[in-house]
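Asks: Sending over data-v9.txt (compact mmCIF, C-alpha atoms).
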# COMPACT_ATOMS: atom_id res chain seq x y z
CA ALA A 223 106.84 124.60 88.11
CA GLN A 224 108.37 126.29 85.12
CA SER A 225 107.50 129.92 84.54
CA VAL A 226 108.62 133.04 82.74
CA THR A 227 108.23 136.55 84.09
CA GLN A 228 108.45 139.73 82.07
CA PRO A 229 108.04 142.44 84.69
CA ASP A 230 107.53 145.34 82.29
CA ILE A 231 104.18 145.40 80.50
CA HIS A 232 104.95 148.59 78.56
CA ILE A 233 108.21 150.34 77.78
CA THR A 234 108.64 153.62 75.90
CA VAL A 235 112.00 154.73 74.52
CA SER A 236 113.13 157.42 72.13
CA GLU A 237 114.49 156.45 68.75
CA GLY A 238 118.25 156.04 68.99
CA ALA A 239 118.19 155.25 72.70
CA SER A 240 119.33 151.96 74.14
CA LEU A 241 116.87 149.26 75.16
CA GLU A 242 116.78 146.50 77.74
CA LEU A 243 113.79 144.19 78.18
CA ARG A 244 113.81 142.01 81.25
CA CYS A 245 113.04 138.31 81.46
CA ASN A 246 113.30 136.01 84.46
CA TYR A 247 112.62 132.30 84.33
CA SER A 248 112.06 129.48 86.73
CA TYR A 249 113.32 126.08 85.62
CA GLY A 250 115.33 123.46 87.44
CA ALA A 251 117.62 122.32 84.63
CA THR A 252 119.56 124.15 81.94
CA PRO A 253 116.89 125.95 79.96
CA TYR A 254 116.36 126.58 76.30
CA LEU A 255 115.62 130.32 76.14
CA PHE A 256 114.10 132.33 73.34
CA TRP A 257 113.05 135.85 72.50
CA TYR A 258 110.28 136.43 69.96
CA VAL A 259 108.91 139.63 68.46
CA GLN A 260 105.33 140.18 67.34
CA SER A 261 104.40 143.04 65.04
CA PRO A 262 100.73 144.11 64.99
CA GLY A 263 98.52 141.55 63.26
CA GLN A 264 101.40 139.15 62.75
CA GLY A 265 102.64 135.92 64.21
CA LEU A 266 105.73 135.62 66.36
CA GLN A 267 109.17 135.83 64.81
CA LEU A 268 112.25 134.40 66.49
CA LEU A 269 114.86 137.02 67.46
CA LEU A 270 117.40 134.77 69.14
CA LYS A 271 117.85 131.63 71.19
CA TYR A 272 120.14 130.22 73.86
CA PHE A 273 120.89 126.66 74.87
CA SER A 274 124.50 126.45 75.95
CA GLY A 275 127.91 127.96 75.38
CA ASP A 276 128.55 131.69 75.17
CA THR A 277 126.13 133.46 77.49
CA LEU A 278 125.89 136.50 75.19
CA VAL A 279 123.76 135.62 72.21
CA GLN A 280 123.42 137.64 69.04
CA GLY A 281 120.17 137.71 67.12
CA ILE A 282 118.54 139.33 64.14
CA LYS A 283 117.79 143.05 63.74
CA GLY A 284 120.73 144.03 65.98
CA PHE A 285 119.34 142.44 69.15
CA GLU A 286 121.37 140.53 71.72
CA ALA A 287 120.56 138.78 74.99
CA GLU A 288 122.63 137.71 77.95
CA PHE A 289 121.99 134.57 79.96
CA LYS A 290 122.79 134.93 83.66
CA ARG A 291 122.28 131.67 85.49
CA SER A 292 122.86 133.19 88.93
CA GLN A 293 120.02 135.65 88.36
CA SER A 294 117.79 133.30 86.31
CA SER A 295 117.60 136.05 83.73
CA PHE A 296 117.76 136.37 79.96
CA ASN A 297 117.47 140.08 79.22
CA LEU A 298 117.15 141.40 75.69
CA ARG A 299 119.17 144.43 74.63
CA LYS A 300 119.66 146.72 71.67
CA PRO A 301 122.16 149.61 71.62
CA SER A 302 120.11 151.94 69.42
CA VAL A 303 116.38 151.49 68.87
CA HIS A 304 114.74 152.17 65.51
CA TRP A 305 111.10 153.20 65.03
CA SER A 306 110.47 149.86 63.31
CA ASP A 307 111.30 148.05 66.57
CA ALA A 308 107.94 149.07 68.02
CA ALA A 309 106.24 145.73 68.69
CA GLU A 310 105.49 143.26 71.44
CA TYR A 311 108.32 141.09 72.71
CA PHE A 312 107.97 137.68 74.30
CA CYS A 313 110.47 135.69 76.29
CA ALA A 314 110.03 131.91 76.34
CA VAL A 315 111.62 128.91 78.00
CA GLY A 316 111.68 125.40 76.56
CA ALA A 317 111.05 123.05 79.43
CA ARG A 318 111.03 119.27 79.46
CA GLY A 319 107.49 118.06 80.06
CA SER A 320 105.81 114.69 79.75
CA GLY A 321 107.51 113.21 76.71
CA THR A 322 108.53 116.37 74.93
CA TYR A 323 109.70 119.93 75.35
CA LYS A 324 107.00 122.50 75.98
CA TYR A 325 107.48 126.18 75.45
CA ILE A 326 106.31 128.52 78.19
CA PHE A 327 105.87 132.16 77.32
CA GLY A 328 105.97 135.30 79.38
CA THR A 329 103.14 137.80 79.24
CA GLY A 330 105.02 140.08 76.87
CA THR A 331 106.44 143.60 76.86
CA ARG A 332 104.98 146.15 74.47
CA LEU A 333 107.61 148.56 73.16
CA LYS A 334 106.71 152.05 72.00
CA VAL A 335 109.32 154.12 70.17
CA LEU A 336 109.13 157.91 70.18
CA ALA A 337 110.39 159.78 67.13
CA ASN B 287 108.06 127.52 51.24
CA ALA B 288 104.86 128.68 52.99
CA GLY B 289 105.83 127.71 56.56
CA VAL B 290 102.82 127.56 58.91
CA THR B 291 99.50 128.54 57.34
CA GLN B 292 96.40 129.29 59.38
CA THR B 293 92.87 129.80 58.09
CA PRO B 294 90.69 131.74 58.48
CA LYS B 295 92.35 135.00 59.56
CA PHE B 296 89.17 136.31 61.19
CA GLN B 297 86.00 134.60 62.38
CA VAL B 298 82.88 135.68 64.26
CA LEU B 299 80.74 133.01 65.91
CA LYS B 300 77.59 133.03 67.96
CA THR B 301 77.57 131.26 71.31
CA GLY B 302 76.99 127.55 70.82
CA GLN B 303 78.20 127.37 67.23
CA SER B 304 81.00 125.06 66.24
CA MET B 305 83.92 125.60 63.93
CA THR B 306 87.37 124.33 63.02
CA LEU B 307 90.51 126.43 62.85
CA GLN B 308 92.86 125.06 60.24
CA CYS B 309 96.64 124.80 60.53
CA ALA B 310 99.02 123.35 57.95
CA GLN B 311 102.81 123.30 57.77
CA ASP B 312 105.07 122.26 54.90
CA MET B 313 108.33 121.88 56.85
CA ASN B 314 107.82 118.23 57.81
CA HIS B 315 107.77 119.22 61.48
CA GLU B 316 106.69 116.49 63.85
CA TYR B 317 105.68 118.79 66.70
CA MET B 318 102.64 121.04 66.26
CA SER B 319 100.76 123.07 68.83
CA TRP B 320 97.95 125.54 69.38
CA TYR B 321 98.18 128.61 71.60
CA ARG B 322 95.71 131.27 72.50
CA GLN B 323 96.82 134.85 73.13
CA ASP B 324 94.86 137.07 75.47
CA PRO B 325 95.81 140.57 76.69
CA GLY B 326 98.05 140.46 79.74
CA MET B 327 98.27 136.67 79.68
CA GLY B 328 100.83 135.98 76.97
CA LEU B 329 100.48 132.76 75.03
CA ARG B 330 98.91 129.75 76.67
CA LEU B 331 99.22 126.23 75.29
CA ILE B 332 95.91 124.58 74.38
CA HIS B 333 96.91 121.25 72.78
CA TYR B 334 99.97 119.84 71.14
CA SER B 335 101.03 116.87 69.05
CA VAL B 336 104.41 115.14 68.72
CA GLY B 337 103.44 113.25 65.57
CA ALA B 338 100.60 111.84 63.51
CA GLY B 339 98.10 110.06 65.71
CA ILE B 340 99.51 111.52 68.96
CA THR B 341 97.98 114.50 70.77
CA ASP B 342 98.08 115.78 74.33
CA GLN B 343 96.61 118.57 76.41
CA GLY B 344 98.32 121.81 77.27
CA GLU B 345 97.42 124.16 80.10
CA VAL B 346 94.02 125.37 78.79
CA PRO B 347 92.45 122.46 76.84
CA ASN B 348 88.82 122.71 77.96
CA GLY B 349 86.37 123.46 75.15
CA TYR B 350 88.81 122.45 72.41
CA ASN B 351 89.47 119.24 70.50
CA VAL B 352 92.32 118.32 68.19
CA SER B 353 93.37 115.45 65.97
CA ARG B 354 96.49 114.74 63.93
CA SER B 355 95.86 112.42 61.02
CA THR B 356 98.80 113.68 58.92
CA THR B 357 102.17 115.28 59.65
CA GLU B 358 101.10 118.45 57.83
CA ASP B 359 97.73 119.29 59.41
CA PHE B 360 96.64 120.01 62.98
CA PRO B 361 93.08 121.39 63.13
CA LEU B 362 91.58 122.87 66.30
CA ARG B 363 87.87 122.31 66.88
CA LEU B 364 85.52 124.34 69.00
CA LEU B 365 82.45 122.17 69.54
CA SER B 366 80.26 124.77 71.26
CA ALA B 367 81.77 128.24 71.23
CA ALA B 368 81.61 130.43 74.33
CA PRO B 369 82.43 134.14 74.75
CA SER B 370 85.41 133.13 76.91
CA GLN B 371 86.95 131.65 73.78
CA THR B 372 87.21 135.06 72.14
CA SER B 373 90.95 135.28 71.52
CA VAL B 374 93.72 135.20 68.95
CA TYR B 375 94.78 131.66 68.16
CA PHE B 376 98.25 130.72 66.96
CA CYS B 377 99.45 127.48 65.50
CA ALA B 378 103.16 126.71 65.88
CA SER B 379 105.42 123.87 64.82
CA ARG B 380 109.00 122.71 65.23
CA PRO B 381 111.20 119.73 64.39
CA ARG B 382 111.24 116.76 66.71
CA ASP B 383 113.05 116.87 70.04
CA ARG B 384 116.23 115.31 68.69
CA VAL B 385 116.87 118.61 66.91
CA ARG B 386 118.07 120.43 70.00
CA ASN B 387 117.27 124.03 70.65
CA SER B 388 114.78 124.14 67.78
CA PRO B 389 112.49 127.17 68.01
CA LEU B 390 108.79 127.27 67.27
CA HIS B 391 107.63 128.53 63.89
CA PHE B 392 104.35 130.46 64.13
CA GLY B 393 101.46 131.07 61.80
CA ASN B 394 99.95 134.54 61.49
CA GLY B 395 97.04 133.77 63.77
CA THR B 396 93.25 133.56 63.68
CA ARG B 397 91.28 136.26 65.46
CA LEU B 398 88.09 134.71 66.83
CA THR B 399 85.17 136.62 68.32
CA VAL B 400 82.31 134.81 70.03
CA THR B 401 79.18 136.88 70.63
Rewrite the coordinates I just gave you, this time as structure tokens.
Replies:
Amino acid sequence: AQSVTQPDIHITVSEGASLELRCNYSYGATPYLFWYVQSPGQGLQLLLKYFSGDTLVQGIKGFEAEFKRSQSSFNLRKPSVHWSDAAEYFCAVGARGSGTYKYIFGTGTRLKVLA
Amino acid sequence: NAGVTQTPKFQVLKTGQSMTLQCAQDMNHEYMSWYRQDPGMGLRLIHYSVGAGITDQGEVPNGYNVSRSTTEDFPLRLLSAAPSQTSVYFCASRPRDRVRNSPLHFGNGTRLTVT
């Protein structure tokens, strides 16, 4: 069965420090992979996506993610975190289901940024 | 361009009451879906639709009904609300499957409390 695991429920970093959020997926075929960000009281906004090609994907707000097939991972990174990055981050996989693609989400990682 | 619009933003129900959560999108997306978000559980798919007149169940469909009479609208009905349905509900849409790697577009959510 398809699944997404985000092993870190909470992460705290200082402003200006680097960030890596982990995501592991389980899916038999080549996955569609996504990272979304959710600010308090808001819906989810797409940060970046991967389907094929270059395994290092650039997104909005200075984020990037690297697809590693051998590790079934799609970790999100940012070289220098800003206070406005404090939010909840969700990894998702698009998996072929009965007749269409379904999107399976991880449980999320809540990021706190210290001034 | 409004994107995905959900109403109401907040709702309090008593156990046994019924209500409809509204979702409308103006992007001509064929695929629409409803998720619920609960702490520590990420987003779980309730129902989805791949076009007008076509709906299917997600992973947590019990207690919810949907219909899709137009491309734009995808309402979610709670026939007899239960405290276990206290959650934040998100509607999301995307283009049809032929548009590869298309991400979901989310509304801003409806926070429902059942007492």
Asks: Distance atom CA of B:Phe392-atom CA of B:Ser355, one decimal place?
Replies: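 These two atoms are separated by 20.2 Å.
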Asks: Can you measure atom CA of B:Gln292 to atom CA of B:Asn351 for me? One decimal in Å is fine.
Replies: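 Distance between the two atoms: 16.5 Å.
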Asks: At what distance in Å, to one decimal, does atom CA of A:Thr227 lie from atom CA of A:Ser248?
Replies: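 So the two atoms, atom CA of A:Ser248 and atom CA of A:Thr227, lie 8.5 Å apart.
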Asks: I'd like the neighbourhood of stretch 324-331 of chain B as a list in words, where a residue qualifies if any of its atoms comes within 8 Å (using all atoms listed in the file), though same-chain residues fewer than 5 positions away should be ignored.
Replies: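 Contacts, in chain order: Ile231, Phe312, Ile326, Phe327, Gly328, Thr329 and Gly330 of chain A; Ser319, Gly344, Glu345, Val346, Pro347, Ser373 and Val374 of chain B.
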Asks: Write to file, as a short mmCIF file (atom, residue, chain, number, x, y, z; two decimals), keeping the file's coordinate frame, the residues of the selection just made, with C-alpha atoms.
Replies:
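Output saved as out39.cif:
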data_model
loop_
_atom_site.label_atom_id
_atom_site.label_comp_id
_atom_site.auth_asym_id
_atom_site.auth_seq_id
_atom_site.Cartn_x
_atom_site.Cartn_y
_atom_site.Cartn_z
CA ILE A 231 104.18 145.40 80.50
CA PHE A 312 107.97 137.68 74.30
CA ILE A 326 106.31 128.52 78.19
CA PHE A 327 105.87 132.16 77.32
CA GLY A 328 105.97 135.30 79.38
CA THR A 329 103.14 137.80 79.24
CA GLY A 330 105.02 140.08 76.87
CA SER B 319 100.76 123.07 68.83
CA GLY B 344 98.32 121.81 77.27
CA GLU B 345 97.42 124.16 80.10
CA VAL B 346 94.02 125.37 78.79
CA PRO B 347 92.45 122.46 76.84
CA SER B 373 90.95 135.28 71.52
CA VAL B 374 93.72 135.20 68.95
#
Asks: I'd like to know which of A:Phe296, A:Phe273, A:Trp305, A:Phe285 is closest to A:Gln228, using only C-alpha atoms.
Replies: A:Phe296
Asks: Given all atoms listed in the file as the basis, pick out the residue of B:Val352, B:Ala368, B:Val400, B:Val336 nearest to chain A.
Replies: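 For chain A, the nearest of the candidates is B:Val336.
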Asks: Using only C-alpha atoms, select each residue of chain B with any atom at most 12 Å away from an atom of chain A, and give the selection as JSON, numbers by chain.
Replies: {"B": [289, 290, 291, 292, 295, 296, 316, 317, 318, 319, 320, 321, 322, 323, 324, 325, 326, 327, 328, 329, 330, 331, 332, 333, 334, 335, 336, 337, 340, 341, 342, 343, 344, 345, 374, 375, 376, 377, 378, 379, 380, 381, 382, 383, 384, 385, 386, 387, 388, 389, 390, 391, 392, 393, 394, 395, 396, 397]}
Asks: Suppose we keep C-alpha atoms; can you now write the selection as a JSON list (two decimals), keeping the file's coordinate frame?
Replies:
[["chain", "number", "residue", "atom", "x", "y", "z"],
["B", 289, "GLY", "CA", 105.83, 127.71, 56.56],
["B", 290, "VAL", "CA", 102.82, 127.56, 58.91],
["B", 291, "THR", "CA", 99.50, 128.54, 57.34],
["B", 292, "GLN", "CA", 96.40, 129.29, 59.38],
["B", 295, "LYS", "CA", 92.35, 135.00, 59.56],
["B", 296, "PHE", "CA", 89.17, 136.31, 61.19],
["B", 316, "GLU", "CA", 106.69, 116.49, 63.85],
["B", 317, "TYR", "CA", 105.68, 118.79, 66.70],
["B", 318, "MET", "CA", 102.64, 121.04, 66.26],
["B", 319, "SER", "CA", 100.76, 123.07, 68.83],
["B", 320, "TRP", "CA", 97.95, 125.54, 69.38],
["B", 321, "TYR", "CA", 98.18, 128.61, 71.60],
["B", 322, "ARG", "CA", 95.71, 131.27, 72.50],
["B", 323, "GLN", "CA", 96.82, 134.85, 73.13],
["B", 324, "ASP", "CA", 94.86, 137.07, 75.47],
["B", 325, "PRO", "CA", 95.81, 140.57, 76.69],
["B", 326, "GLY", "CA", 98.05, 140.46, 79.74],
["B", 327, "MET", "CA", 98.27, 136.67, 79.68],
["B", 328, "GLY", "CA", 100.83, 135.98, 76.97],
["B", 329, "LEU", "CA", 100.48, 132.76, 75.03],
["B", 330, "ARG", "CA", 98.91, 129.75, 76.67],
["B", 331, "LEU", "CA", 99.22, 126.23, 75.29],
["B", 332, "ILE", "CA", 95.91, 124.58, 74.38],
["B", 333, "HIS", "CA", 96.91, 121.25, 72.78],
["B", 334, "TYR", "CA", 99.97, 119.84, 71.14],
["B", 335, "SER", "CA", 101.03, 116.87, 69.05],
["B", 336, "VAL", "CA", 104.41, 115.14, 68.72],
["B", 337, "GLY", "CA", 103.44, 113.25, 65.57],
["B", 340, "ILE", "CA", 99.51, 111.52, 68.96],
["B", 341, "THR", "CA", 97.98, 114.50, 70.77],
["B", 342, "ASP", "CA", 98.08, 115.78, 74.33],
["B", 343, "GLN", "CA", 96.61, 118.57, 76.41],
["B", 344, "GLY", "CA", 98.32, 121.81, 77.27],
["B", 345, "GLU", "CA", 97.42, 124.16, 80.10],
["B", 374, "VAL", "CA", 93.72, 135.20, 68.95],
["B", 375, "TYR", "CA", 94.78, 131.66, 68.16],
["B", 376, "PHE", "CA", 98.25, 130.72, 66.96],
["B", 377, "CYS", "CA", 99.45, 127.48, 65.50],
["B", 378, "ALA", "CA", 103.16, 126.71, 65.88],
["B", 379, "SER", "CA", 105.42, 123.87, 64.82],
["B", 380, "ARG", "CA", 109.00, 122.71, 65.23],
["B", 381, "PRO", "CA", 111.20, 119.73, 64.39],
["B", 382, "ARG", "CA", 111.24, 116.76, 66.71],
["B", 383, "ASP", "CA", 113.05, 116.87, 70.04],
["B", 384, "ARG", "CA", 116.23, 115.31, 68.69],
["B", 385, "VAL", "CA", 116.87, 118.61, 66.91],
["B", 386, "ARG", "CA", 118.07, 120.43, 70.00],
["B", 387, "ASN", "CA", 117.27, 124.03, 70.65],
["B", 388, "SER", "CA", 114.78, 124.14, 67.78],
["B", 389, "PRO", "CA", 112.49, 127.17, 68.01],
["B", 390, "LEU", "CA", 108.79, 127.27, 67.27],
["B", 391, "HIS", "CA", 107.63, 128.53, 63.89],
["B", 392, "PHE", "CA", 104.35, 130.46, 64.13],
["B", 393, "GLY", "CA", 101.46, 131.07, 61.80],
["B", 394, "ASN", "CA", 99.95, 134.54, 61.49],
["B", 395, "GLY", "CA", 97.04, 133.77, 63.77],
["B", 396, "THR", "CA", 93.25, 133.56, 63.68],
["B", 397, "ARG", "CA", 91.28, 136.26, 65.46]]
Asks: Show which residues sit within 10 Å of A:Ser240, as JSON, numbers by chain. Count only C-alpha atoms, and ignore same-chain residues fewer than 5 positions away.
Replies: {"A": [235, 299, 300, 301, 302, 303, 304]}
Asks: Write out as a list of chain:residue names which residues come within 6 Å of B:Gln303 when counting only C-alpha atoms, dropping same-chain ones fewer than 2 positions away.
Replies: B:Lys300, B:Thr301, B:Ser366, B:Ala367
Asks: List as a list in words the protein and nucleic acid residues near A:Thr277, meaning an atom at most 8 Å away when only C-alpha atoms are counted, but skip any in the same chain fewer than 5 places from it.
Replies: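 Those residues are Tyr272, Glu288, Phe289 and Lys290 of chain A.
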Asks: Counting only C-alpha atoms, which residues come within 9 Å of (106.8, 122.9, 85.8), with the point read in the file's coordinates, and could you list them as a list of chain:residue names?
Replies: A:Ala223, A:Gln224, A:Ser225, A:Ser248, A:Tyr249, A:Gly250, A:Ala317, A:Arg318, A:Gly319
